[in-house]
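What's in run22.txt: compact mmCIF, C-alpha atoms
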```txt
# COMPACT_ATOMS: atom_id res chain seq x y z
CA ASN A 184 0.00 0.00 0.00
CA ALA A 185 1.19 3.49 -0.84
CA GLY A 186 -0.92 4.90 2.01
CA VAL A 187 -1.86 8.57 1.63
CA THR A 188 -0.20 10.37 -1.28
CA GLN A 189 -0.20 14.09 -2.05
CA THR A 190 0.88 16.05 -5.10
CA PRO A 191 2.60 18.37 -5.65
CA LYS A 192 5.20 18.47 -2.87
CA PHE A 193 5.92 22.16 -3.43
CA GLN A 194 4.01 24.92 -5.21
CA VAL A 195 4.43 28.67 -5.69
CA LEU A 196 1.40 30.69 -6.76
CA LYS A 197 0.77 34.33 -7.47
CA THR A 198 -2.05 36.10 -5.67
CA GLY A 199 -5.34 35.46 -7.43
CA GLN A 200 -4.31 32.22 -9.13
CA SER A 201 -6.25 29.02 -8.55
CA MET A 202 -4.99 25.48 -8.20
CA THR A 203 -5.90 22.01 -6.95
CA LEU A 204 -3.95 20.01 -4.39
CA GLN A 205 -4.34 16.31 -4.98
CA CYS A 206 -4.79 13.65 -2.30
CA ALA A 207 -5.31 9.92 -2.78
CA GLN A 208 -5.42 6.90 -0.47
CA ASP A 209 -5.43 3.20 -1.30
CA MET A 210 -6.59 1.87 2.09
CA ASN A 211 -10.33 2.04 1.32
CA HIS A 212 -10.81 4.50 4.19
CA GLU A 213 -14.17 6.19 4.55
CA TYR A 214 -12.93 9.36 6.23
CA MET A 215 -10.63 11.86 4.55
CA SER A 216 -9.69 15.37 5.59
CA TRP A 217 -7.49 18.36 4.84
CA TYR A 218 -5.48 20.28 7.42
CA ARG A 219 -3.18 23.26 7.21
CA GLN A 220 -0.14 23.88 9.39
CA ASP A 221 1.20 27.39 9.92
CA PRO A 222 4.61 28.08 11.49
CA GLY A 223 4.80 27.22 15.19
CA MET A 224 1.28 25.86 15.30
CA GLY A 225 -0.56 22.61 15.28
CA LEU A 226 -2.69 21.51 12.36
CA ARG A 227 -6.12 23.02 11.75
CA LEU A 228 -8.97 21.27 9.94
CA ILE A 229 -10.06 22.84 6.62
CA HIS A 230 -12.61 20.39 5.17
CA TYR A 231 -13.47 16.77 5.71
CA SER A 232 -15.46 13.96 4.11
CA VAL A 233 -17.18 10.98 5.74
CA GLY A 234 -17.62 9.14 2.44
CA ALA A 235 -17.96 9.56 -1.32
CA GLY A 236 -20.34 12.40 -2.13
CA ILE A 237 -20.34 13.81 1.44
CA THR A 238 -18.20 16.76 2.52
CA ASP A 239 -18.37 19.36 5.27
CA GLN A 240 -16.47 22.35 6.60
CA GLY A 241 -13.88 22.26 9.32
CA GLU A 242 -12.39 25.03 11.41
CA VAL A 243 -10.85 27.18 8.62
CA PRO A 244 -12.78 26.53 5.35
CA ASN A 245 -12.81 30.01 3.76
CA GLY A 246 -11.08 30.22 0.39
CA TYR A 247 -11.09 26.45 -0.16
CA ASN A 248 -13.37 24.02 -1.95
CA VAL A 249 -13.52 20.22 -1.88
CA SER A 250 -15.39 17.37 -3.53
CA ARG A 251 -15.32 13.59 -3.06
CA SER A 252 -16.48 11.71 -6.13
CA THR A 253 -14.63 8.48 -5.25
CA THR A 254 -13.52 6.81 -2.02
CA GLU A 255 -9.87 7.13 -3.05
CA ASP A 256 -9.55 10.81 -3.98
CA PHE A 257 -10.14 14.05 -2.09
CA PRO A 258 -8.82 17.13 -3.94
CA LEU A 259 -8.55 20.56 -2.31
CA ARG A 260 -9.15 23.59 -4.53
CA LEU A 261 -7.86 27.08 -3.84
CA LEU A 262 -10.27 29.38 -5.62
CA SER A 263 -8.24 32.63 -5.62
CA ALA A 264 -4.94 32.27 -3.78
CA ALA A 265 -4.02 34.83 -1.11
CA PRO A 266 -0.75 35.29 0.82
CA SER A 267 -2.61 34.19 3.99
CA GLN A 268 -2.92 30.75 2.40
CA THR A 269 0.83 30.25 2.47
CA SER A 270 1.11 27.11 4.57
CA VAL A 271 1.85 23.40 4.58
CA TYR A 272 -1.20 21.32 3.67
CA PHE A 273 -1.73 17.79 4.93
CA CYS A 274 -4.28 15.26 3.80
CA ALA A 275 -5.37 12.45 6.13
CA SER A 276 -7.58 9.38 6.06
CA SER A 277 -8.97 6.93 8.60
CA TYR A 278 -11.17 3.88 8.68
CA SER A 279 -14.33 3.47 10.68
CA ILE A 280 -16.37 0.77 12.30
CA GLY A 281 -19.96 1.97 12.62
CA PRO A 282 -20.07 5.54 13.96
CA THR A 283 -16.55 5.39 15.42
CA SER A 284 -13.49 6.37 13.46
CA TYR A 285 -10.01 5.24 14.27
CA GLU A 286 -6.38 6.09 13.71
CA GLN A 287 -5.74 8.81 11.14
CA TYR A 288 -2.87 8.50 8.68
CA PHE A 289 -1.31 11.57 7.12
CA GLY A 290 0.24 12.22 3.74
CA PRO A 291 3.68 13.83 3.31
CA GLY A 292 2.30 17.35 2.87
CA THR A 293 2.31 20.07 0.20
CA ARG A 294 4.27 23.25 0.92
CA LEU A 295 2.44 26.16 -0.71
CA THR A 296 3.77 29.70 -1.07
CA VAL A 297 1.56 32.51 -2.35
CA THR A 298 3.40 35.68 -3.45
CA GLY B 15 -14.36 23.54 20.00
CA ILE B 16 -12.24 21.32 22.16
CA GLN B 17 -9.09 22.91 23.63
CA VAL B 18 -5.82 20.98 23.62
CA GLU B 19 -2.86 22.17 25.67
CA GLN B 20 0.59 20.62 25.50
CA SER B 21 3.43 21.11 27.91
CA PRO B 22 6.21 21.96 28.02
CA PRO B 23 6.41 23.96 24.76
CA ASP B 24 10.14 23.24 24.43
CA LEU B 25 12.38 20.54 25.86
CA ILE B 26 16.15 20.19 25.54
CA LEU B 27 17.57 16.80 26.49
CA GLN B 28 20.96 15.21 26.69
CA GLU B 29 21.17 11.92 24.81
CA GLY B 30 20.16 9.09 27.12
CA ALA B 31 17.83 11.17 29.29
CA ASN B 32 14.17 10.37 29.97
CA SER B 33 11.29 12.82 29.56
CA THR B 34 7.53 13.19 29.91
CA LEU B 35 5.29 15.24 27.62
CA ARG B 36 1.79 16.16 28.71
CA CYS B 37 -1.46 16.77 26.81
CA ASN B 38 -4.54 18.21 28.54
CA PHE B 39 -7.90 18.43 26.77
CA SER B 40 -11.13 20.19 27.66
CA ASP B 41 -13.85 17.66 26.74
CA SER B 42 -14.62 13.95 26.53
CA VAL B 43 -12.79 12.33 23.63
CA ASN B 44 -13.18 9.19 21.56
CA ASN B 45 -9.91 9.60 19.70
CA LEU B 46 -6.46 10.60 20.89
CA GLN B 47 -3.31 10.29 18.86
CA TRP B 48 0.34 11.21 19.42
CA PHE B 49 2.44 12.18 16.40
CA HIS B 50 6.10 12.94 15.86
CA GLN B 51 6.86 15.53 13.18
CA ASN B 52 10.42 14.96 12.06
CA PRO B 53 12.75 17.71 10.81
CA TRP B 54 11.60 17.01 7.24
CA GLY B 55 8.00 17.80 8.17
CA GLN B 56 6.64 14.27 7.99
CA LEU B 57 3.96 13.33 10.55
CA ILE B 58 4.65 9.92 12.02
CA ASN B 59 1.97 8.07 13.97
CA LEU B 60 3.22 7.13 17.43
CA PHE B 61 0.12 6.02 19.32
CA TYR B 62 -3.62 5.79 18.90
CA ILE B 63 -4.60 5.84 22.56
CA PRO B 64 -8.06 7.17 23.58
CA SER B 65 -7.58 5.38 26.92
CA GLY B 66 -5.16 3.10 28.72
CA THR B 67 -1.44 2.52 28.30
CA LYS B 68 0.63 1.43 25.32
CA GLN B 69 4.32 0.88 24.75
CA ASN B 70 6.39 0.79 21.60
CA GLY B 71 10.09 0.36 22.16
CA ARG B 72 11.47 3.35 24.07
CA LEU B 73 8.20 5.21 23.82
CA SER B 74 5.10 4.70 25.90
CA ALA B 75 1.87 6.61 26.40
CA THR B 76 -0.89 6.74 28.97
CA THR B 77 -4.30 8.37 28.60
CA VAL B 78 -6.56 8.96 31.61
CA ALA B 79 -9.74 9.89 29.78
CA THR B 80 -11.78 10.57 32.94
CA GLU B 81 -9.22 13.21 34.02
CA ARG B 82 -8.73 14.53 30.46
CA TYR B 83 -5.00 14.13 30.01
CA SER B 84 -2.45 12.00 28.23
CA LEU B 85 1.26 11.53 28.82
CA LEU B 86 3.98 10.53 26.37
CA TYR B 87 7.17 9.06 27.85
CA ILE B 88 10.47 9.01 26.00
CA SER B 89 13.15 6.87 27.60
CA SER B 90 16.85 6.77 26.78
CA SER B 91 16.41 9.58 24.26
CA GLN B 92 18.37 9.58 21.01
CA THR B 93 19.16 12.42 18.61
CA THR B 94 16.66 10.91 16.17
CA ASP B 95 13.92 11.67 18.71
CA SER B 96 14.32 15.38 17.96
CA GLY B 97 11.34 17.09 16.38
CA VAL B 98 7.89 18.28 17.35
CA TYR B 99 5.47 16.02 19.21
CA PHE B 100 1.78 16.66 18.68
CA CYS B 101 -1.22 15.46 20.60
CA ALA B 102 -4.51 15.42 18.66
CA VAL B 103 -7.98 14.59 19.96
CA GLY B 104 -11.42 13.92 18.51
CA LYS B 105 -14.56 14.64 20.50
CA ARG B 106 -16.96 11.86 21.37
CA SER B 107 -19.62 13.15 18.96
CA ASN B 108 -17.37 13.41 15.89
CA ASP B 109 -14.10 11.72 16.61
CA TYR B 110 -12.75 11.93 13.06
CA LYS B 111 -12.33 15.73 13.34
CA LEU B 112 -9.02 16.07 15.12
CA SER B 113 -8.04 19.12 17.16
CA PHE B 114 -4.30 19.52 17.57
CA GLY B 115 -2.25 20.99 20.36
CA ALA B 116 0.53 23.47 19.57
CA GLY B 117 3.15 20.78 20.07
CA THR B 118 6.25 20.20 22.18
CA THR B 119 9.57 20.83 20.42
CA VAL B 120 12.14 18.30 21.59
CA THR B 121 15.85 18.77 20.94
CA VAL B 122 18.14 15.88 21.89
CA ARG B 123 21.84 16.78 22.07
CA ALA B 124 24.62 14.25 21.59
```
Do you think you could lay out the structure here as structure tokens?
Amino acid sequence: NAGVTQTPKFQVLKTGQSMTLQCAQDMNHEYMSWYRQDPGMGLRLIHYSVGAGITDQGEVPNGYNVSRSTTEDFPLRLLSAAPSQTSVYFCASSYSIGPTSYEQYFGPGTRLTVT
Amino acid sequence: GIQVEQSPPDLILQEGANSTLRCNFSDSVNNLQWFHQNPWGQLINLFYIPSGTKQNGRLSATTVATERYSLLYISSSQTTDSGVYFCAVGKRSNDYKLSFGAGTTVTVRA
């Protein structure tokens, strides 16, 4: 298993540009989520999905869009990049048994700089 | 949302020393994980431990859910233990939404 994969590893955008960060997992996990990590801080939840076709907002959703058309993929879209979105982005997935989810596994991260 | 506090914020150790990291949280949780973020930024799963005690080599963790805290023990520290240690919790009602603490930065000197 490759686990959770993210592309690209690094990206530089100009203010106002849009782009999509890719995330895929091959563990057949129901839950997937996106977090951002700013310097000196823990991770904060942007958006999450409890299954294909179901997404919801996390703690810091503004400026980001997500969709989940398959179990494996969960892309994160930046609609109009701003310098405040400079951060490291992590994708995560976890399995569930009934209503309880379990250990989350994180991808390697995407380092995004917006100039 | 749930508040997660980690202490101490920074820890400097001599190789071979033991240490204890603490995580306090403000609500009942169904999910608690400890991660190590290495100097390359990778998040490595250490423990999934919503309650009880677990050990993995030189590392062990204990969560006392009723008193809302968890402890991570590092014994005989090595330079490769350097990095940031995060505690993350998920509330009972939606345990897949993790809230992270600010982390403890550990530096192990040879």
- prompt: With all atoms listed in the file as the atoms that count, which of B:Gln56, B:Asp24, B:Val18, B:Ala116 lies nearest to A:Gly292?
  reply: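 Closest residue, counting all atoms listed in the file: B:Gln56.
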message: Taking all atoms listed in the file into account, find every residue of chain A that has an atom no more than 8 Å from chain B, and write it out as number ranges by chain.
response: A: 214, 223-228, 231, 241, 277, 283-292
query: Which residues, written as a PyMOL selection string, have at least one atom at most 10 Å from stretch 257-262 of chain A, with only C-alpha atoms counted and residues fewer than 4 positions away on the same chain left out?
result: chain A and resi 189-190+199-208+214-217+229-232+235+238+245-253+268+272+274-276
Filtering to C-alpha atoms, could you give me those residues as a PDB file, in the frame of the given file?
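Contents of the output file out39.pdb:
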```
ATOM      1  CA  GLN A 189      -0.200  14.090  -2.050  1.00  0.00           C
ATOM      2  CA  THR A 190       0.880  16.050  -5.100  1.00  0.00           C
ATOM      3  CA  GLY A 199      -5.340  35.460  -7.430  1.00  0.00           C
ATOM      4  CA  GLN A 200      -4.310  32.220  -9.130  1.00  0.00           C
ATOM      5  CA  SER A 201      -6.250  29.020  -8.550  1.00  0.00           C
ATOM      6  CA  MET A 202      -4.990  25.480  -8.200  1.00  0.00           C
ATOM      7  CA  THR A 203      -5.900  22.010  -6.950  1.00  0.00           C
ATOM      8  CA  LEU A 204      -3.950  20.010  -4.390  1.00  0.00           C
ATOM      9  CA  GLN A 205      -4.340  16.310  -4.980  1.00  0.00           C
ATOM     10  CA  CYS A 206      -4.790  13.650  -2.300  1.00  0.00           C
ATOM     11  CA  ALA A 207      -5.310   9.920  -2.780  1.00  0.00           C
ATOM     12  CA  GLN A 208      -5.420   6.900  -0.470  1.00  0.00           C
ATOM     13  CA  TYR A 214     -12.930   9.360   6.230  1.00  0.00           C
ATOM     14  CA  MET A 215     -10.630  11.860   4.550  1.00  0.00           C
ATOM     15  CA  SER A 216      -9.690  15.370   5.590  1.00  0.00           C
ATOM     16  CA  TRP A 217      -7.490  18.360   4.840  1.00  0.00           C
ATOM     17  CA  ILE A 229     -10.060  22.840   6.620  1.00  0.00           C
ATOM     18  CA  HIS A 230     -12.610  20.390   5.170  1.00  0.00           C
ATOM     19  CA  TYR A 231     -13.470  16.770   5.710  1.00  0.00           C
ATOM     20  CA  SER A 232     -15.460  13.960   4.110  1.00  0.00           C
ATOM     21  CA  ALA A 235     -17.960   9.560  -1.320  1.00  0.00           C
ATOM     22  CA  THR A 238     -18.200  16.760   2.520  1.00  0.00           C
ATOM     23  CA  ASN A 245     -12.810  30.010   3.760  1.00  0.00           C
ATOM     24  CA  GLY A 246     -11.080  30.220   0.390  1.00  0.00           C
ATOM     25  CA  TYR A 247     -11.090  26.450  -0.160  1.00  0.00           C
ATOM     26  CA  ASN A 248     -13.370  24.020  -1.950  1.00  0.00           C
ATOM     27  CA  VAL A 249     -13.520  20.220  -1.880  1.00  0.00           C
ATOM     28  CA  SER A 250     -15.390  17.370  -3.530  1.00  0.00           C
ATOM     29  CA  ARG A 251     -15.320  13.590  -3.060  1.00  0.00           C
ATOM     30  CA  SER A 252     -16.480  11.710  -6.130  1.00  0.00           C
ATOM     31  CA  THR A 253     -14.630   8.480  -5.250  1.00  0.00           C
ATOM     32  CA  GLN A 268      -2.920  30.750   2.400  1.00  0.00           C
ATOM     33  CA  TYR A 272      -1.200  21.320   3.670  1.00  0.00           C
ATOM     34  CA  CYS A 274      -4.280  15.260   3.800  1.00  0.00           C
ATOM     35  CA  ALA A 275      -5.370  12.450   6.130  1.00  0.00           C
ATOM     36  CA  SER A 276      -7.580   9.380   6.060  1.00  0.00           C
TER      37      SER A 276
END
```
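Pairwise distance (atom CA of A:Pro266, atom CA of A:Leu295) equals 9.8 Å.
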task: List every protein, DNA or RNA residue that has at least one atom no more than 10 Å from (8.6, 5.2, 19.5) in the file's coordinates, counting all atoms listed in the file, and write the result as a PyMOL selection string.
output: chain B and resi 49-50+58-61+69-75+86-89+95
- prompt: Expressed in Å to a single decimal, how great is the separation between atom CA of A:Arg219 and atom CA of A:Val243?
  reply: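 Between atom CA of A:Arg219 and atom CA of A:Val243 the gap works out to 8.7 Å.
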query: Looking at B:Gln92, B:Thr80, B:Gln51, B:Asn38, which one is nearest to A:Gln220, with distances taken over only C-alpha atoms?
result: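 Looking only at the distances to A:Gln220, the closest residue turns out to be B:Gln51.
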- prompt: What does the distance between atom CA of A:Gly236 and atom CA of A:Thr188 come to in Å, to one decimal place?
  reply: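 Interatomic distance, atom CA of A:Gly236 to atom CA of A:Thr188: 20.3 Å.
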